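Structure file upload-v8.cif; described as mmCIF, C-alpha atoms.
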```
data_run
loop_
_atom_site.label_atom_id
_atom_site.label_comp_id
_atom_site.auth_asym_id
_atom_site.auth_seq_id
_atom_site.Cartn_x
_atom_site.Cartn_y
_atom_site.Cartn_z
CA MET D 30 10.38 10.76 18.90
CA LEU D 31 6.77 9.66 18.61
CA THR D 32 5.16 13.02 18.11
CA THR D 33 5.95 16.65 17.53
CA ARG D 34 2.97 18.11 19.38
CA ASN D 35 1.38 17.53 22.77
CA PRO D 36 -0.68 14.44 22.08
CA LEU D 37 -3.71 13.36 24.01
CA ILE D 38 -3.03 10.18 25.99
CA VAL D 39 -5.99 7.82 26.33
CA THR D 40 -5.83 4.71 28.49
CA GLY D 41 -7.96 1.61 28.17
CA GLY D 42 -9.98 2.59 31.25
CA GLU D 43 -10.77 5.99 29.77
CA LEU D 44 -11.73 4.41 26.46
CA GLU D 45 -14.24 2.16 28.24
CA THR D 46 -16.10 5.17 29.62
CA MET D 47 -16.34 6.91 26.21
CA THR D 48 -19.34 6.62 23.96
CA ASP D 49 -18.84 5.86 20.29
CA PHE D 50 -19.74 9.48 19.49
CA GLU D 51 -17.05 10.78 21.87
CA LEU D 52 -14.52 8.37 20.40
CA GLN D 53 -15.28 9.53 16.84
CA GLY D 54 -14.61 13.12 17.96
CA LEU D 55 -11.19 12.17 19.30
CA LEU D 56 -9.98 10.37 16.19
CA GLU D 57 -9.05 13.58 14.39
CA LYS D 58 -6.62 14.53 17.16
CA GLU D 59 -3.12 13.25 17.76
CA ILE D 60 -3.55 10.47 20.32
CA ILE D 61 -1.35 7.95 22.08
CA TYR D 62 -3.26 4.91 23.30
CA ALA D 63 -1.90 3.17 26.38
CA ARG D 64 -2.78 0.05 28.35
CA MET D 65 -5.30 -1.25 25.84
CA ALA D 66 -7.07 -4.58 26.28
CA PRO D 67 -7.90 -6.73 23.22
CA ASP D 68 -11.49 -5.45 23.07
CA HIS D 69 -10.20 -1.84 23.23
CA LYS D 70 -7.90 -2.47 20.26
CA LEU D 71 -10.75 -4.01 18.31
CA ARG D 72 -12.98 -1.03 19.10
CA LEU D 73 -10.29 1.41 17.97
CA VAL D 74 -9.79 -0.42 14.68
CA ALA D 75 -13.55 -0.39 14.04
CA ALA D 76 -13.79 3.32 14.94
CA TYR D 77 -10.98 4.34 12.58
CA GLN D 78 -12.45 2.20 9.78
CA ALA D 79 -15.88 3.78 10.35
CA ALA D 80 -14.20 7.17 9.95
CA GLY D 81 -12.93 6.06 6.53
CA GLU D 82 -9.32 5.48 7.53
CA VAL D 83 -7.11 2.63 6.37
CA VAL D 84 -5.97 0.91 9.55
CA ALA D 85 -2.69 -0.92 10.10
CA VAL D 86 -2.20 -2.84 13.34
CA THR D 87 0.97 -4.38 14.71
CA GLY D 88 0.96 -7.17 17.22
CA ASP D 89 2.87 -10.08 18.63
CA GLY D 90 0.52 -11.89 21.00
CA VAL D 91 -2.65 -13.92 21.10
CA ASN D 92 -4.49 -10.90 22.51
CA ASP D 93 -3.65 -8.89 19.35
CA ALA D 94 -5.22 -11.43 16.96
CA PRO D 95 -8.79 -9.98 16.89
CA ALA D 96 -7.51 -6.49 16.03
CA LEU D 97 -5.05 -7.93 13.51
CA ARG D 98 -7.87 -9.81 11.76
CA LYS D 99 -10.12 -6.73 11.60
CA ALA D 100 -7.41 -4.32 10.43
CA ASP D 101 -6.88 -3.46 6.77
CA VAL D 102 -3.16 -4.27 7.12
CA ALA D 103 -2.00 -6.58 9.91
CA VAL D 104 1.69 -6.74 10.81
CA ALA D 105 3.01 -9.42 13.16
CA MET D 106 6.40 -9.82 14.73
CA GLY D 107 8.25 -12.82 13.33
CA MET D 108 10.80 -13.45 16.08
CA VAL D 109 8.79 -12.76 19.24
CA GLY D 110 5.29 -13.10 17.81
CA THR D 111 3.01 -16.00 18.61
CA ASP D 112 1.75 -18.36 15.94
CA VAL D 113 -1.76 -16.97 16.44
CA ALA D 114 -0.60 -13.42 15.69
CA LYS D 115 1.38 -14.59 12.66
CA GLU D 116 -1.63 -16.50 11.34
CA ALA D 117 -3.84 -13.41 11.66
CA ALA D 118 -1.31 -11.10 9.99
CA ASP D 119 -0.97 -10.00 6.38
CA VAL D 120 2.73 -9.16 6.84
CA ILE D 121 5.23 -10.84 9.14
CA LEU D 122 8.40 -8.95 10.04
CA THR D 123 10.91 -11.79 10.18
CA ASP D 124 13.52 -9.72 12.04
CA ASP D 125 11.04 -7.55 14.02
CA ASN D 126 12.58 -4.43 12.49
CA PHE D 127 10.05 -1.73 11.58
CA GLY D 128 12.70 0.00 9.49
CA ASP D 129 12.43 -2.88 7.00
CA PHE D 130 8.68 -2.36 6.83
CA VAL D 131 9.12 1.36 6.08
CA SER D 132 11.69 0.52 3.38
CA ALA D 133 9.34 -2.05 1.85
CA ILE D 134 6.51 0.50 1.70
CA GLU D 135 8.80 3.06 0.04
CA GLU D 136 9.97 0.43 -2.47
CA GLY D 137 6.40 -0.66 -3.17
CA ARG D 138 5.29 2.91 -3.78
CA ALA D 139 8.19 3.44 -6.19
CA VAL D 140 7.33 0.24 -8.08
CA TYR D 141 3.65 1.21 -8.25
CA ASP D 142 4.54 4.68 -9.51
CA ASN D 143 6.91 3.24 -12.14
CA LEU D 144 4.29 0.75 -13.32
CA ARG D 145 1.67 3.46 -13.62
CA LYS D 146 4.03 5.66 -15.64
CA PHE D 147 5.12 2.77 -17.84
CA ILE D 148 1.55 1.66 -18.59
CA THR D 149 0.62 5.24 -19.49
CA TYR D 150 3.65 5.43 -21.77
CA ILE D 151 2.91 2.09 -23.45
CA PHE D 152 -0.71 3.00 -24.15
CA SER D 153 0.18 6.45 -25.43
CA SER D 154 2.86 5.04 -27.76
CA ASN D 155 1.06 1.87 -28.93
CA VAL D 156 -2.37 3.34 -29.72
CA PRO D 157 -0.95 5.47 -32.58
CA GLU D 158 0.89 2.37 -33.85
CA ILE D 159 -2.21 0.14 -33.91
CA LEU D 160 -4.55 2.78 -35.31
CA PRO D 161 -3.22 2.55 -38.91
CA PHE D 162 -3.73 -1.24 -38.88
CA ILE D 163 -7.32 -0.85 -37.68
CA LEU D 164 -8.00 1.79 -40.33
CA ALA D 165 -6.38 -0.37 -43.03
CA ALA D 166 -8.57 -3.32 -42.06
CA LEU D 167 -11.77 -1.26 -41.91
CA PHE D 168 -11.35 0.94 -44.97
CA ASN D 169 -9.05 -1.18 -47.16
CA ILE D 170 -6.29 1.45 -47.37
CA PRO D 171 -2.58 0.62 -47.70
CA LEU D 172 -0.45 0.36 -44.55
CA ALA D 173 1.78 3.31 -43.67
CA LEU D 174 4.38 1.05 -42.00
CA LEU D 175 5.17 -2.61 -42.35
CA VAL D 176 4.79 -4.91 -39.36
CA ILE D 177 8.56 -5.39 -39.09
CA GLN D 178 9.01 -1.60 -38.98
CA ILE D 179 6.53 -1.31 -36.12
CA LEU D 180 8.37 -4.07 -34.24
CA ALA D 181 11.69 -2.27 -34.74
CA ILE D 182 10.18 0.97 -33.41
CA ASP D 183 8.78 -0.89 -30.39
CA LEU D 184 12.12 -2.54 -29.68
CA GLY D 185 13.84 0.81 -29.69
CA THR D 186 11.26 2.79 -27.75
CA ASP D 187 9.91 0.26 -25.23
CA LEU D 188 13.15 -1.42 -24.16
CA LEU D 189 14.62 1.35 -22.00
CA PRO D 190 11.38 2.16 -20.11
CA ALA D 191 10.94 -1.57 -19.42
CA LEU D 192 14.46 -1.77 -17.99
CA ALA D 193 13.59 1.09 -15.63
CA LEU D 194 11.07 -1.20 -13.93
CA GLY D 195 13.82 -3.53 -12.72
CA PRO D 196 14.95 -3.54 -9.09
CA ARG D 197 17.11 -0.65 -8.00
CA ASN D 198 19.31 -2.92 -5.92
CA PRO D 199 19.23 -6.46 -7.38
CA SER D 200 21.59 -7.73 -4.68
CA ARG D 201 18.77 -7.41 -2.09
CA MET D 202 16.47 -9.74 -3.99
#
```

Kindly present the structure from the file in structure tokens form.
Amino acid sequence: MLTTRNPLIVTGGELETMTDFELQGLLEKEIIYARMAPDHKLRLVAAYQAAGEVVAVTGDGVNDAPALRKADVAVAMGMVGTDVAKEAADVILTDDNFGDFVSAIEEGRAVYDNLRKFITYIFSSNVPEILPFILAALFNIPLALLVIQILAIDLGTDLLPALALGPRNPSRM
């Protein structure tokens, strides 16, 4: 199912008669675009980008190349796509399966989230460890912990969070 509501259906001919102002007013609604020529696709990409949206375009033919080049994320079909579309794309679906693309986005978001959490953890745990060394160097006070003790603490506390960053399913790699 494409949509849950009653979407507005706009054809290429209708899009040609619209002004840019009218088009900007439509972008907030749920729309299905049909029978679009290459210049229509390019105009739609530009309109969504002007509205501050991140635009992803899929395509498989030579006529899709201008819109693919202008889009923020361009996805080409690997099996049925032309070389021109593949050259213009950022991502090529080798098996033409959009389910793989959705899975890759989910996996990428999980990796990004894990990296962000891990970096926050590393900074929050390593700043207190380095602070005594900086103070000892600046004010000539004795060290609270030896270097080997700090390394042992790091080995114990940083190893498990680092392992969490590994792939969830290494057989897919």

Enter the distance from CA of Leu180 in chain D to CA of Asp142 in chain D, in Å, rounded to one decimal. 26.5 Å

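The residues returned by the PyMOL selection byres ((chain D and resi 114) around 10) for this structure are Thr87, Gly88, Asp89, Gly90, Val91, Asn92, Asp93, Ala94, Pro95, Ala96, Leu97, Arg98, Ala103, Val104, Ala105, Met106, Gly107, Gly110, Thr111, Asp112, Val113, Lys115, Glu116, Ala117, Ala118, Asp119 and Ile121 of chain D.
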
Run the PyMOL selection byres ((chain D and resi 44-50) around 10) on the file and write out the hits as a list in words.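 Taken on the displayed file, the PyMOL selection byres ((chain D and resi 44-50) around 10) yields the residues Val39, Thr40, Gly41, Gly42, Glu43, Glu51, Leu52, Gln53, Gly54, Leu55, Tyr62, Ala63, Met65, Asp68, His69, Arg72, Leu73 and Ala76 of chain D.
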
Protein and nucleic acid residues near (-3.5, -2.2, 10.4) (cut-off 6 Å, only C-alpha atoms) as a list in words: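 Applying the cut-off with only C-alpha atoms, one gets Val84, Ala85, Val86, Ala100, Asp101, Val102 and Ala103 of chain D.
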
Could those residues be written to a file, using C-alpha atoms, as a PDB file, keeping the file's coordinate frame?
```pdb
ATOM      1  CA  VAL D  84      -5.970   0.910   9.550  1.00  0.00           C
ATOM      2  CA  ALA D  85      -2.690  -0.920  10.100  1.00  0.00           C
ATOM      3  CA  VAL D  86      -2.200  -2.840  13.340  1.00  0.00           C
ATOM      4  CA  ALA D 100      -7.410  -4.320  10.430  1.00  0.00           C
ATOM      5  CA  ASP D 101      -6.880  -3.460   6.770  1.00  0.00           C
ATOM      6  CA  VAL D 102      -3.160  -4.270   7.120  1.00  0.00           C
ATOM      7  CA  ALA D 103      -2.000  -6.580   9.910  1.00  0.00           C
TER       8      ALA D 103
END
```

Skip Asn35 in chain D itself and residues of its chain fewer than 6 positions away, then list as a ChimeraX atom specification all residues within 12 Å of it, counting only C-alpha atoms. /D:58-61

Between CA of Asn143 in chain D and CA of Asn155 in chain D, what distance in Å does the model show, to one decimal? 17.8 Å

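Between CA of Pro190 in chain D and CA of Phe147 in chain D the separation is 6.7 Å.
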
Nearest candidate to Ala80 in chain D (options D:Ala133, D:Val109, D:Leu56, D:Ile163; using all atoms listed in the file):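 Closest to Ala80 in chain D of all the choices is D:Leu56.
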
Starting from 3 Å padding per side, set up an axis-aligned box that covers all listed atoms of range 151-156 of chain D and hand over centre and edge lengths in Å, one decimal, as AutoDock Vina command-line options.
```
--center_x 0.3 --center_y 4.2 --center_z -26.6 --size_x 11.3 --size_y 10.6 --size_z 12.3
```

Taking the partial coordinates given, rebuild range 124-135 of chain D to contain all heavy atoms; return it as a short mmCIF file (atom, residue, chain, number, x, y, z; two decimals), keeping the file's coordinate frame.
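As written to disk, part.cif reads:
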```cif
data_model
loop_
_atom_site.label_atom_id
_atom_site.label_comp_id
_atom_site.auth_asym_id
_atom_site.auth_seq_id
_atom_site.Cartn_x
_atom_site.Cartn_y
_atom_site.Cartn_z
N ASP D 124 12.49 -10.15 11.09
CA ASP D 124 13.52 -9.72 12.04
C ASP D 124 13.01 -8.70 13.05
O ASP D 124 13.79 -8.11 13.78
CB ASP D 124 14.73 -9.18 11.29
CG ASP D 124 14.39 -7.95 10.46
OD1 ASP D 124 13.20 -7.58 10.38
OD2 ASP D 124 15.32 -7.37 9.87
N ASP D 125 11.68 -8.49 13.09
CA ASP D 125 11.04 -7.55 14.02
C ASP D 125 11.57 -6.12 13.89
O ASP D 125 11.54 -5.36 14.84
CB ASP D 125 11.20 -8.03 15.48
CG ASP D 125 10.43 -9.30 15.75
OD1 ASP D 125 9.74 -9.79 14.85
OD2 ASP D 125 10.52 -9.81 16.88
N ASN D 126 12.02 -5.76 12.72
CA ASN D 126 12.58 -4.43 12.49
C ASN D 126 11.58 -3.60 11.66
O ASN D 126 11.36 -3.89 10.49
CB ASN D 126 13.92 -4.55 11.75
CG ASN D 126 14.58 -3.22 11.54
OD1 ASN D 126 14.06 -2.18 11.91
ND2 ASN D 126 15.75 -3.25 10.93
N PHE D 127 11.01 -2.58 12.28
CA PHE D 127 10.05 -1.73 11.58
C PHE D 127 10.70 -0.92 10.47
O PHE D 127 10.04 -0.48 9.54
CB PHE D 127 9.32 -0.81 12.55
CG PHE D 127 8.22 -1.49 13.29
CD1 PHE D 127 8.36 -1.77 14.63
CD2 PHE D 127 7.06 -1.87 12.65
CE1 PHE D 127 7.35 -2.42 15.33
CE2 PHE D 127 6.05 -2.50 13.33
CZ PHE D 127 6.20 -2.78 14.67
N GLY D 128 11.99 -0.70 10.56
CA GLY D 128 12.70 0.00 9.49
C GLY D 128 12.58 -0.74 8.16
O GLY D 128 12.47 -0.13 7.10
N ASP D 129 12.60 -2.08 8.21
CA ASP D 129 12.43 -2.88 7.00
C ASP D 129 11.04 -2.68 6.41
O ASP D 129 10.86 -2.65 5.19
CB ASP D 129 12.65 -4.37 7.28
CG ASP D 129 14.10 -4.68 7.61
OD1 ASP D 129 14.97 -3.83 7.34
OD2 ASP D 129 14.35 -5.78 8.14
N PHE D 130 10.05 -2.55 7.28
CA PHE D 130 8.68 -2.36 6.83
C PHE D 130 8.54 -1.01 6.13
O PHE D 130 7.93 -0.90 5.07
CB PHE D 130 7.72 -2.45 8.02
CG PHE D 130 6.29 -2.58 7.64
CD1 PHE D 130 5.84 -3.67 6.92
CD2 PHE D 130 5.37 -1.62 8.01
CE1 PHE D 130 4.51 -3.80 6.57
CE2 PHE D 130 4.04 -1.74 7.67
CZ PHE D 130 3.61 -2.83 6.94
N VAL D 131 9.15 0.03 6.69
CA VAL D 131 9.12 1.36 6.08
C VAL D 131 9.82 1.32 4.72
O VAL D 131 9.31 1.86 3.73
CB VAL D 131 9.77 2.40 7.02
CG1 VAL D 131 9.94 3.73 6.33
CG2 VAL D 131 8.93 2.55 8.28
N SER D 132 10.96 0.64 4.65
CA SER D 132 11.69 0.52 3.38
C SER D 132 10.86 -0.23 2.35
O SER D 132 10.86 0.14 1.16
CB SER D 132 13.02 -0.20 3.59
OG SER D 132 13.85 0.52 4.45
N ALA D 133 10.17 -1.28 2.77
CA ALA D 133 9.34 -2.05 1.85
C ALA D 133 8.18 -1.21 1.31
O ALA D 133 7.84 -1.29 0.13
CB ALA D 133 8.81 -3.30 2.54
N ILE D 134 7.60 -0.38 2.15
CA ILE D 134 6.51 0.50 1.70
C ILE D 134 7.04 1.51 0.69
O ILE D 134 6.42 1.75 -0.36
CB ILE D 134 5.84 1.21 2.90
CG1 ILE D 134 5.05 0.19 3.72
CG2 ILE D 134 4.94 2.34 2.44
CD1 ILE D 134 4.53 0.72 5.02
N GLU D 135 8.20 2.10 0.97
CA GLU D 135 8.80 3.06 0.04
C GLU D 135 9.10 2.38 -1.30
O GLU D 135 8.83 2.94 -2.37
CB GLU D 135 10.07 3.66 0.63
CG GLU D 135 9.82 4.61 1.78
CD GLU D 135 11.09 5.03 2.49
OE1 GLU D 135 12.18 4.47 2.18
OE2 GLU D 135 11.01 5.91 3.35
#
```
